[in-house]
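Asker: For reference, the file target16.cif (mmCIF, N, CA and C atoms) is included below:
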data_target
#
loop_
_atom_site.label_atom_id
_atom_site.label_comp_id
_atom_site.auth_asym_id
_atom_site.auth_seq_id
_atom_site.Cartn_x
_atom_site.Cartn_y
_atom_site.Cartn_z
N MET A 1281 90.02 71.36 101.82
CA MET A 1281 90.24 72.79 101.70
C MET A 1281 91.74 73.06 101.73
N MET A 1282 92.18 73.92 100.87
CA MET A 1282 93.59 74.32 100.82
C MET A 1282 93.87 75.32 101.92
N ASN A 1283 95.10 75.32 102.39
CA ASN A 1283 95.53 76.31 103.37
C ASN A 1283 96.24 77.45 102.66
N ALA A 1284 96.46 78.53 103.39
CA ALA A 1284 97.06 79.72 102.80
C ALA A 1284 98.48 79.46 102.31
N TYR A 1285 99.21 78.56 102.97
CA TYR A 1285 100.58 78.21 102.59
C TYR A 1285 100.93 76.88 103.22
N ASP A 1286 102.09 76.36 102.90
CA ASP A 1286 102.50 75.05 103.38
C ASP A 1286 102.62 75.01 104.90
N ARG A 1287 102.20 73.92 105.49
CA ARG A 1287 102.22 73.74 106.94
C ARG A 1287 103.61 73.90 107.54
N THR A 1288 104.66 73.64 106.78
CA THR A 1288 106.02 73.73 107.32
C THR A 1288 106.36 75.14 107.80
N TYR A 1289 105.66 76.14 107.29
CA TYR A 1289 105.90 77.52 107.70
C TYR A 1289 105.01 77.97 108.85
N LEU A 1290 104.01 77.19 109.18
CA LEU A 1290 102.97 77.64 110.09
C LEU A 1290 103.47 78.05 111.47
N GLU A 1291 104.23 77.21 112.13
CA GLU A 1291 104.63 77.55 113.50
C GLU A 1291 105.53 78.77 113.55
N LYS A 1292 106.46 78.88 112.61
CA LYS A 1292 107.31 80.08 112.58
C LYS A 1292 106.48 81.33 112.26
N ALA A 1293 105.50 81.18 111.38
CA ALA A 1293 104.63 82.30 111.03
C ALA A 1293 103.81 82.74 112.24
N ARG A 1294 103.34 81.79 113.03
CA ARG A 1294 102.56 82.11 114.22
C ARG A 1294 103.41 82.84 115.25
N ILE A 1295 104.60 82.35 115.47
CA ILE A 1295 105.51 82.98 116.43
C ILE A 1295 105.87 84.40 115.98
N ALA A 1296 106.16 84.54 114.70
CA ALA A 1296 106.55 85.86 114.18
C ALA A 1296 105.42 86.88 114.31
N LEU A 1297 104.19 86.47 113.99
CA LEU A 1297 103.08 87.42 114.09
C LEU A 1297 102.81 87.79 115.55
N GLY A 1298 102.87 86.81 116.43
CA GLY A 1298 102.70 87.09 117.85
C GLY A 1298 103.77 88.02 118.38
N ARG A 1299 105.01 87.75 118.01
CA ARG A 1299 106.12 88.56 118.48
C ARG A 1299 106.08 89.97 117.88
N MET A 1300 105.62 90.07 116.62
CA MET A 1300 105.49 91.38 115.98
C MET A 1300 104.53 92.27 116.78
N LEU A 1301 103.37 91.71 117.14
CA LEU A 1301 102.40 92.48 117.91
C LEU A 1301 102.94 92.81 119.30
N ASP A 1302 103.57 91.85 119.93
CA ASP A 1302 104.12 92.06 121.27
C ASP A 1302 105.14 93.19 121.28
N TYR A 1303 106.04 93.18 120.31
CA TYR A 1303 107.07 94.23 120.22
C TYR A 1303 106.44 95.60 119.96
N ALA A 1304 105.51 95.65 119.03
CA ALA A 1304 104.88 96.94 118.69
C ALA A 1304 104.09 97.52 119.86
N ILE A 1305 103.40 96.66 120.59
CA ILE A 1305 102.54 97.14 121.67
C ILE A 1305 103.32 97.42 122.95
N TYR A 1306 104.14 96.47 123.38
CA TYR A 1306 104.79 96.60 124.69
C TYR A 1306 106.13 97.32 124.65
N ASP A 1307 106.86 97.20 123.56
CA ASP A 1307 108.16 97.87 123.49
C ASP A 1307 108.08 99.22 122.79
N LEU A 1308 107.34 99.29 121.69
CA LEU A 1308 107.22 100.55 120.95
C LEU A 1308 106.04 101.40 121.42
N LYS A 1309 105.21 100.83 122.27
CA LYS A 1309 104.10 101.56 122.92
C LYS A 1309 103.00 102.03 121.96
N PHE A 1310 102.76 101.26 120.90
CA PHE A 1310 101.64 101.55 120.00
C PHE A 1310 100.35 101.02 120.60
N GLU A 1311 99.26 101.68 120.29
CA GLU A 1311 97.95 101.12 120.59
C GLU A 1311 97.74 99.95 119.63
N LEU A 1312 97.13 98.89 120.11
CA LEU A 1312 96.93 97.71 119.28
C LEU A 1312 96.17 98.04 118.01
N SER A 1313 95.07 98.78 118.11
CA SER A 1313 94.27 99.09 116.93
C SER A 1313 95.05 99.95 115.92
N THR A 1314 95.88 100.85 116.42
CA THR A 1314 96.67 101.70 115.53
C THR A 1314 97.70 100.88 114.77
N PHE A 1315 98.42 100.04 115.49
CA PHE A 1315 99.43 99.21 114.81
C PHE A 1315 98.77 98.23 113.86
N TRP A 1316 97.66 97.60 114.27
CA TRP A 1316 97.00 96.61 113.42
C TRP A 1316 96.54 97.25 112.11
N LYS A 1317 96.03 98.47 112.18
CA LYS A 1317 95.61 99.17 110.96
C LYS A 1317 96.81 99.39 110.04
N GLN A 1318 97.95 99.73 110.61
CA GLN A 1318 99.16 99.91 109.79
C GLN A 1318 99.59 98.57 109.17
N PHE A 1319 99.48 97.51 109.93
CA PHE A 1319 99.81 96.19 109.41
C PHE A 1319 98.90 95.84 108.23
N LEU A 1320 97.61 96.09 108.38
CA LEU A 1320 96.65 95.72 107.33
C LEU A 1320 96.93 96.39 105.99
N VAL A 1321 97.46 97.60 106.00
CA VAL A 1321 97.73 98.30 104.74
C VAL A 1321 99.18 98.15 104.29
N SER A 1322 99.95 97.36 105.02
CA SER A 1322 101.37 97.21 104.69
C SER A 1322 101.60 96.09 103.68
N ASP A 1323 102.73 96.17 103.04
CA ASP A 1323 103.17 95.11 102.14
C ASP A 1323 103.42 93.82 102.92
N VAL A 1324 103.80 93.94 104.16
CA VAL A 1324 104.04 92.77 105.01
C VAL A 1324 102.77 91.93 105.11
N CYS A 1325 101.64 92.57 105.33
CA CYS A 1325 100.36 91.86 105.43
C CYS A 1325 100.05 91.11 104.14
N MET A 1326 100.18 91.78 103.02
CA MET A 1326 99.89 91.15 101.73
C MET A 1326 100.80 89.94 101.51
N GLN A 1327 102.09 90.10 101.78
CA GLN A 1327 103.04 89.00 101.58
C GLN A 1327 102.78 87.86 102.56
N TYR A 1328 102.37 88.20 103.76
CA TYR A 1328 102.03 87.20 104.76
C TYR A 1328 100.88 86.34 104.27
N GLU A 1329 99.83 86.98 103.80
CA GLU A 1329 98.65 86.27 103.32
C GLU A 1329 98.94 85.41 102.10
N GLN A 1330 99.89 85.84 101.29
CA GLN A 1330 100.25 85.09 100.09
C GLN A 1330 101.25 83.98 100.37
N GLY A 1331 101.74 83.91 101.61
CA GLY A 1331 102.64 82.83 101.99
C GLY A 1331 104.08 83.02 101.58
N ASN A 1332 104.53 84.26 101.50
CA ASN A 1332 105.92 84.53 101.14
C ASN A 1332 106.84 83.98 102.24
N PRO A 1333 107.67 82.98 101.93
CA PRO A 1333 108.52 82.36 102.95
C PRO A 1333 109.49 83.33 103.62
N SER A 1334 109.93 84.36 102.92
CA SER A 1334 110.85 85.31 103.54
C SER A 1334 110.16 86.13 104.62
N ILE A 1335 108.85 86.24 104.56
CA ILE A 1335 108.08 86.94 105.59
C ILE A 1335 107.66 85.95 106.67
N LEU A 1336 107.16 84.81 106.28
CA LEU A 1336 106.64 83.83 107.24
C LEU A 1336 107.71 83.23 108.13
N ALA A 1337 108.85 82.91 107.56
CA ALA A 1337 109.88 82.20 108.33
C ALA A 1337 111.25 82.85 108.26
N GLY A 1338 111.40 83.83 107.41
CA GLY A 1338 112.72 84.43 107.21
C GLY A 1338 112.97 85.68 108.02
N ARG A 1339 111.98 86.12 108.78
CA ARG A 1339 112.12 87.35 109.56
C ARG A 1339 111.59 87.12 110.97
N SER A 1340 112.16 87.83 111.90
CA SER A 1340 111.66 87.77 113.27
C SER A 1340 110.45 88.69 113.39
N GLY A 1341 109.72 88.54 114.47
CA GLY A 1341 108.59 89.43 114.72
C GLY A 1341 109.01 90.87 114.85
N VAL A 1342 110.17 91.10 115.46
CA VAL A 1342 110.70 92.47 115.59
C VAL A 1342 110.98 93.04 114.20
N GLU A 1343 111.60 92.26 113.34
CA GLU A 1343 111.87 92.71 111.98
C GLU A 1343 110.57 93.03 111.23
N LEU A 1344 109.55 92.20 111.42
CA LEU A 1344 108.27 92.46 110.76
C LEU A 1344 107.65 93.76 111.25
N ALA A 1345 107.71 94.00 112.56
CA ALA A 1345 107.17 95.25 113.10
C ALA A 1345 107.89 96.45 112.49
N LEU A 1346 109.20 96.37 112.38
CA LEU A 1346 109.98 97.47 111.79
C LEU A 1346 109.62 97.67 110.33
N MET A 1347 109.37 96.58 109.62
CA MET A 1347 108.95 96.68 108.22
C MET A 1347 107.58 97.34 108.10
N VAL A 1348 106.66 96.96 108.96
CA VAL A 1348 105.32 97.56 108.95
C VAL A 1348 105.42 99.06 109.18
N LEU A 1349 106.28 99.46 110.10
CA LEU A 1349 106.44 100.87 110.45
C LEU A 1349 107.41 101.61 109.55
N ASP A 1350 108.01 100.88 108.61
CA ASP A 1350 108.98 101.44 107.66
C ASP A 1350 110.17 102.09 108.38
N LEU A 1351 110.71 101.37 109.36
CA LEU A 1351 111.87 101.82 110.12
C LEU A 1351 113.08 100.97 109.75
N ASP A 1352 114.23 101.61 109.64
CA ASP A 1352 115.46 100.89 109.31
C ASP A 1352 116.18 100.35 110.54
N GLU A 1353 115.97 101.02 111.66
CA GLU A 1353 116.65 100.62 112.89
C GLU A 1353 115.65 100.48 114.02
N LYS A 1354 115.99 99.65 114.99
CA LYS A 1354 115.15 99.49 116.17
C LYS A 1354 115.23 100.75 117.03
N PRO A 1355 114.09 101.38 117.30
CA PRO A 1355 114.10 102.55 118.18
C PRO A 1355 114.36 102.17 119.64
N CYS A 1356 114.11 100.92 119.99
CA CYS A 1356 114.39 100.45 121.34
C CYS A 1356 114.66 98.95 121.30
N GLN A 1357 115.33 98.50 122.31
CA GLN A 1357 115.65 97.08 122.43
C GLN A 1357 114.37 96.29 122.69
N ALA A 1358 114.29 95.13 122.12
CA ALA A 1358 113.13 94.26 122.35
C ALA A 1358 113.26 93.60 123.71
N SER A 1359 112.16 93.59 124.45
CA SER A 1359 112.15 92.89 125.73
C SER A 1359 111.53 91.51 125.50
N TYR A 1360 111.96 90.58 126.27
CA TYR A 1360 111.43 89.22 126.17
C TYR A 1360 110.97 88.78 127.54
N MET A 1361 109.65 88.71 127.70
CA MET A 1361 109.08 88.29 128.97
C MET A 1361 109.08 86.76 129.06
N GLU A 1362 109.21 86.27 130.26
CA GLU A 1362 109.18 84.82 130.46
C GLU A 1362 107.84 84.24 130.03
N GLU A 1363 106.77 84.91 130.43
CA GLU A 1363 105.42 84.50 130.04
C GLU A 1363 105.02 85.27 128.78
N LYS A 1364 104.38 84.61 127.86
CA LYS A 1364 103.89 85.27 126.66
C LYS A 1364 102.69 86.16 127.01
N SER A 1365 102.60 87.32 126.37
CA SER A 1365 101.53 88.26 126.64
C SER A 1365 100.24 87.86 125.91
N ASP A 1366 99.14 88.46 126.32
CA ASP A 1366 97.87 88.25 125.63
C ASP A 1366 97.96 88.68 124.18
N VAL A 1367 98.68 89.76 123.92
CA VAL A 1367 98.84 90.27 122.55
C VAL A 1367 99.63 89.26 121.71
N TYR A 1368 100.65 88.66 122.29
CA TYR A 1368 101.41 87.62 121.58
C TYR A 1368 100.46 86.50 121.17
N TRP A 1369 99.66 85.99 122.12
CA TRP A 1369 98.76 84.88 121.82
C TRP A 1369 97.69 85.27 120.81
N LEU A 1370 97.29 86.54 120.82
CA LEU A 1370 96.34 87.02 119.82
C LEU A 1370 96.94 86.88 118.42
N GLY A 1371 98.16 87.37 118.23
CA GLY A 1371 98.82 87.24 116.93
C GLY A 1371 99.04 85.80 116.54
N TRP A 1372 99.43 84.98 117.50
CA TRP A 1372 99.68 83.56 117.28
C TRP A 1372 98.41 82.87 116.78
N ALA A 1373 97.27 83.19 117.43
CA ALA A 1373 95.99 82.60 117.03
C ALA A 1373 95.51 83.14 115.69
N LEU A 1374 95.67 84.44 115.45
CA LEU A 1374 95.24 85.02 114.17
C LEU A 1374 96.02 84.42 113.00
N ALA A 1375 97.30 84.18 113.21
CA ALA A 1375 98.10 83.56 112.15
C ALA A 1375 97.55 82.18 111.79
N TYR A 1376 97.17 81.42 112.79
CA TYR A 1376 96.60 80.10 112.52
C TYR A 1376 95.26 80.22 111.79
N TYR A 1377 94.42 81.12 112.27
CA TYR A 1377 93.10 81.31 111.66
C TYR A 1377 93.24 81.70 110.19
N GLN A 1378 94.14 82.62 109.91
CA GLN A 1378 94.34 83.06 108.53
C GLN A 1378 94.85 81.90 107.68
N TRP A 1379 95.78 81.11 108.23
CA TRP A 1379 96.32 79.96 107.50
C TRP A 1379 95.23 78.94 107.21
N GLU A 1380 94.43 78.63 108.21
CA GLU A 1380 93.39 77.61 108.09
C GLU A 1380 92.29 78.02 107.12
N THR A 1381 91.88 79.28 107.14
CA THR A 1381 90.73 79.73 106.35
C THR A 1381 91.11 80.34 105.00
N CYS A 1382 92.36 80.73 104.84
CA CYS A 1382 92.83 81.44 103.64
C CYS A 1382 92.15 82.80 103.48
N LEU A 1383 91.56 83.31 104.53
CA LEU A 1383 90.93 84.63 104.49
C LEU A 1383 91.97 85.72 104.69
N SER A 1384 91.64 86.89 104.24
CA SER A 1384 92.48 88.05 104.46
C SER A 1384 92.40 88.45 105.93
N PHE A 1385 93.43 89.10 106.43
CA PHE A 1385 93.39 89.63 107.78
C PHE A 1385 92.36 90.75 107.91
N PHE A 1386 91.88 91.27 106.80
CA PHE A 1386 90.88 92.35 106.81
C PHE A 1386 89.55 91.86 107.36
N ARG A 1387 89.27 90.59 107.31
CA ARG A 1387 87.96 90.06 107.73
C ARG A 1387 87.86 89.99 109.21
#
Written as structure tokens, how would this file's structure read?

Answerer:
Amino acid sequence: MMNAYDRTYLEKARIALGRMLDYAIYDLKFELSTFWKQFLVSDVCMQYEQGNPSILAGRSGVELALMVLDLDEKPCQASYMEEKSDVYWLGWALAYYQWETCLSFFR
């Protein structure tokens, strides 16, 4: 079975998706379901699923969150907790699942 994109991008893609969710939920104070719905209809989601290297490995999670929200500047500084949050691990796992199955995030 083919994967969604080359394995060399996988770990960076996982970190970026986890960090994107973490920033949106804990720093920007979005509800998870609200932000996820915005992600699903964003160009970022489509490019992520298609394996665009500039999205998978060329941007930080904070940058991806800002792109999803169509913001040019950070409304607040990103916090970095010593321990990764549950939301971070959710994004990290979803990125792997999408890569492994080649399914859309809509499923």

Asker: Can you list, as a list in words, all residues belonging to range 1333-1385 of chain A that DSSP tags as helix (DSSP H, G or I)?

Answerer: Pro1333, Ser1334, Ile1335, Leu1336, Gly1341, Val1342, Glu1343, Leu1344, Ala1345, Leu1346, Met1347, Val1348, Asp1366, Val1367, Tyr1368, Trp1369, Leu1370, Gly1371, Trp1372, Ala1373, Leu1374, Ala1375, Tyr1376, Tyr1377, Gln1378, Trp1379, Glu1380 and Thr1381 of chain A

Asker: Can you pull out the residues contacting Trp1316 in chain A? Cut-off 8 Å, using only N, CA and C atoms, and skip same-chain residues under 6 positions away; I want them as a PyMOL selection string.

Answerer: chain A and resi 1301+1310+1322

Asker: If you keep N, CA and C atoms, can you produce a file of those selected residues as a PDB file, keeping the file's coordinate frame?

Answerer:
ATOM      1  N   LEU A1301     103.370  91.710 117.140  1.00  0.00           N
ATOM      2  CA  LEU A1301     102.400  92.480 117.910  1.00  0.00           C
ATOM      3  C   LEU A1301     102.940  92.810 119.300  1.00  0.00           C
ATOM      4  N   PHE A1310     102.760 101.260 120.900  1.00  0.00           N
ATOM      5  CA  PHE A1310     101.640 101.550 120.000  1.00  0.00           C
ATOM      6  C   PHE A1310     100.350 101.020 120.600  1.00  0.00           C
ATOM      7  N   SER A1322      99.950  97.360 105.020  1.00  0.00           N
ATOM      8  CA  SER A1322     101.370  97.210 104.690  1.00  0.00           C
ATOM      9  C   SER A1322     101.600  96.090 103.680  1.00  0.00           C
TER      10      SER A1322
END

Asker: Range 1288-1290 of chain A: which residues within 8 Å, counting only N, CA and C atoms, same-chain residues fewer than 6 positions away excluded, as a count of residues only?

Answerer: 7

Asker: Calculate how many Å separate CA of Met1300 in chain A from atom N of Gly1341 in chain A, rounding to one decimal.

Answerer: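 Going from CA of Met1300 in chain A over to atom N of Gly1341 in chain A, I get 5.3 Å.
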
Asker: What gap, in Å, lies between CA of Ser1313 in chain A and atom N of Lys1292 in chain A?

Answerer: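 We find that CA of Ser1313 in chain A and atom N of Lys1292 in chain A lie 24.0 Å from each other.
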
Asker: Between CA of Met1282 in chain A and atom C of Glu1329 in chain A, what distance in Å does the model show, to one decimal?

Answerer: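 Taking CA of Met1282 in chain A as the start and atom C of Glu1329 in chain A as the end point, the length is 12.4 Å.
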
Asker: Which residue out of A:Asn1283, A:Ser1359, A:Glu1353, A:Asp1302 has the minimum interatomic distance to Gln1378 in chain A when all atoms listed in the file are used?

Answerer: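 For Gln1378 in chain A, the nearest of the given residues is A:Asn1283.
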
Asker: Kindly indicate which residue among A:Tyr1285, A:Tyr1368, A:Phe1319, A:Tyr1303 lies nearest to Asn1332 in chain A, using all atoms listed in the file for the distances.

Answerer: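 Selected residue with least distance to Asn1332 in chain A: A:Tyr1285.
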
Asker: Env of Ala1358 in chain A: 8 Å cut, atoms = all atoms listed in the file, seq-sep filter 5 positions within chain, self excluded. Answer as a list in words.

Answerer: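 Everything that qualifies: Tyr1303, Tyr1306, Asp1307, Leu1308 and Val1342 of chain A.
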
Asker: For a quick check of understanding, using only C-alpha atoms, which of A:Val1348, A:Ala1284, A:Lys1317, A:Tyr1328 has the smallest distance to Phe1386 in chain A?

Answerer: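 Checking each of A:Val1348, A:Ala1284, A:Lys1317, A:Tyr1328 against Phe1386 in chain A, counting only C-alpha atoms, the winner is A:Lys1317.
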
Asker: Pick from A:Gln1330, A:Gln1318, A:Gln1357, A:Ser1384: nearest to Asp1286 in chain A, with only C-alpha atoms counted?

Answerer: A:Gln1330

Asker: Between A:Ala1345, A:Glu1363, A:Arg1339, A:Leu1351, which residue has the minimum interatomic distance to Ile1305 in chain A, considering only C-alpha atoms?

Answerer: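 Of A:Ala1345, A:Glu1363, A:Arg1339, A:Leu1351, the one nearest Ile1305 in chain A, counting only C-alpha atoms, is A:Ala1345.
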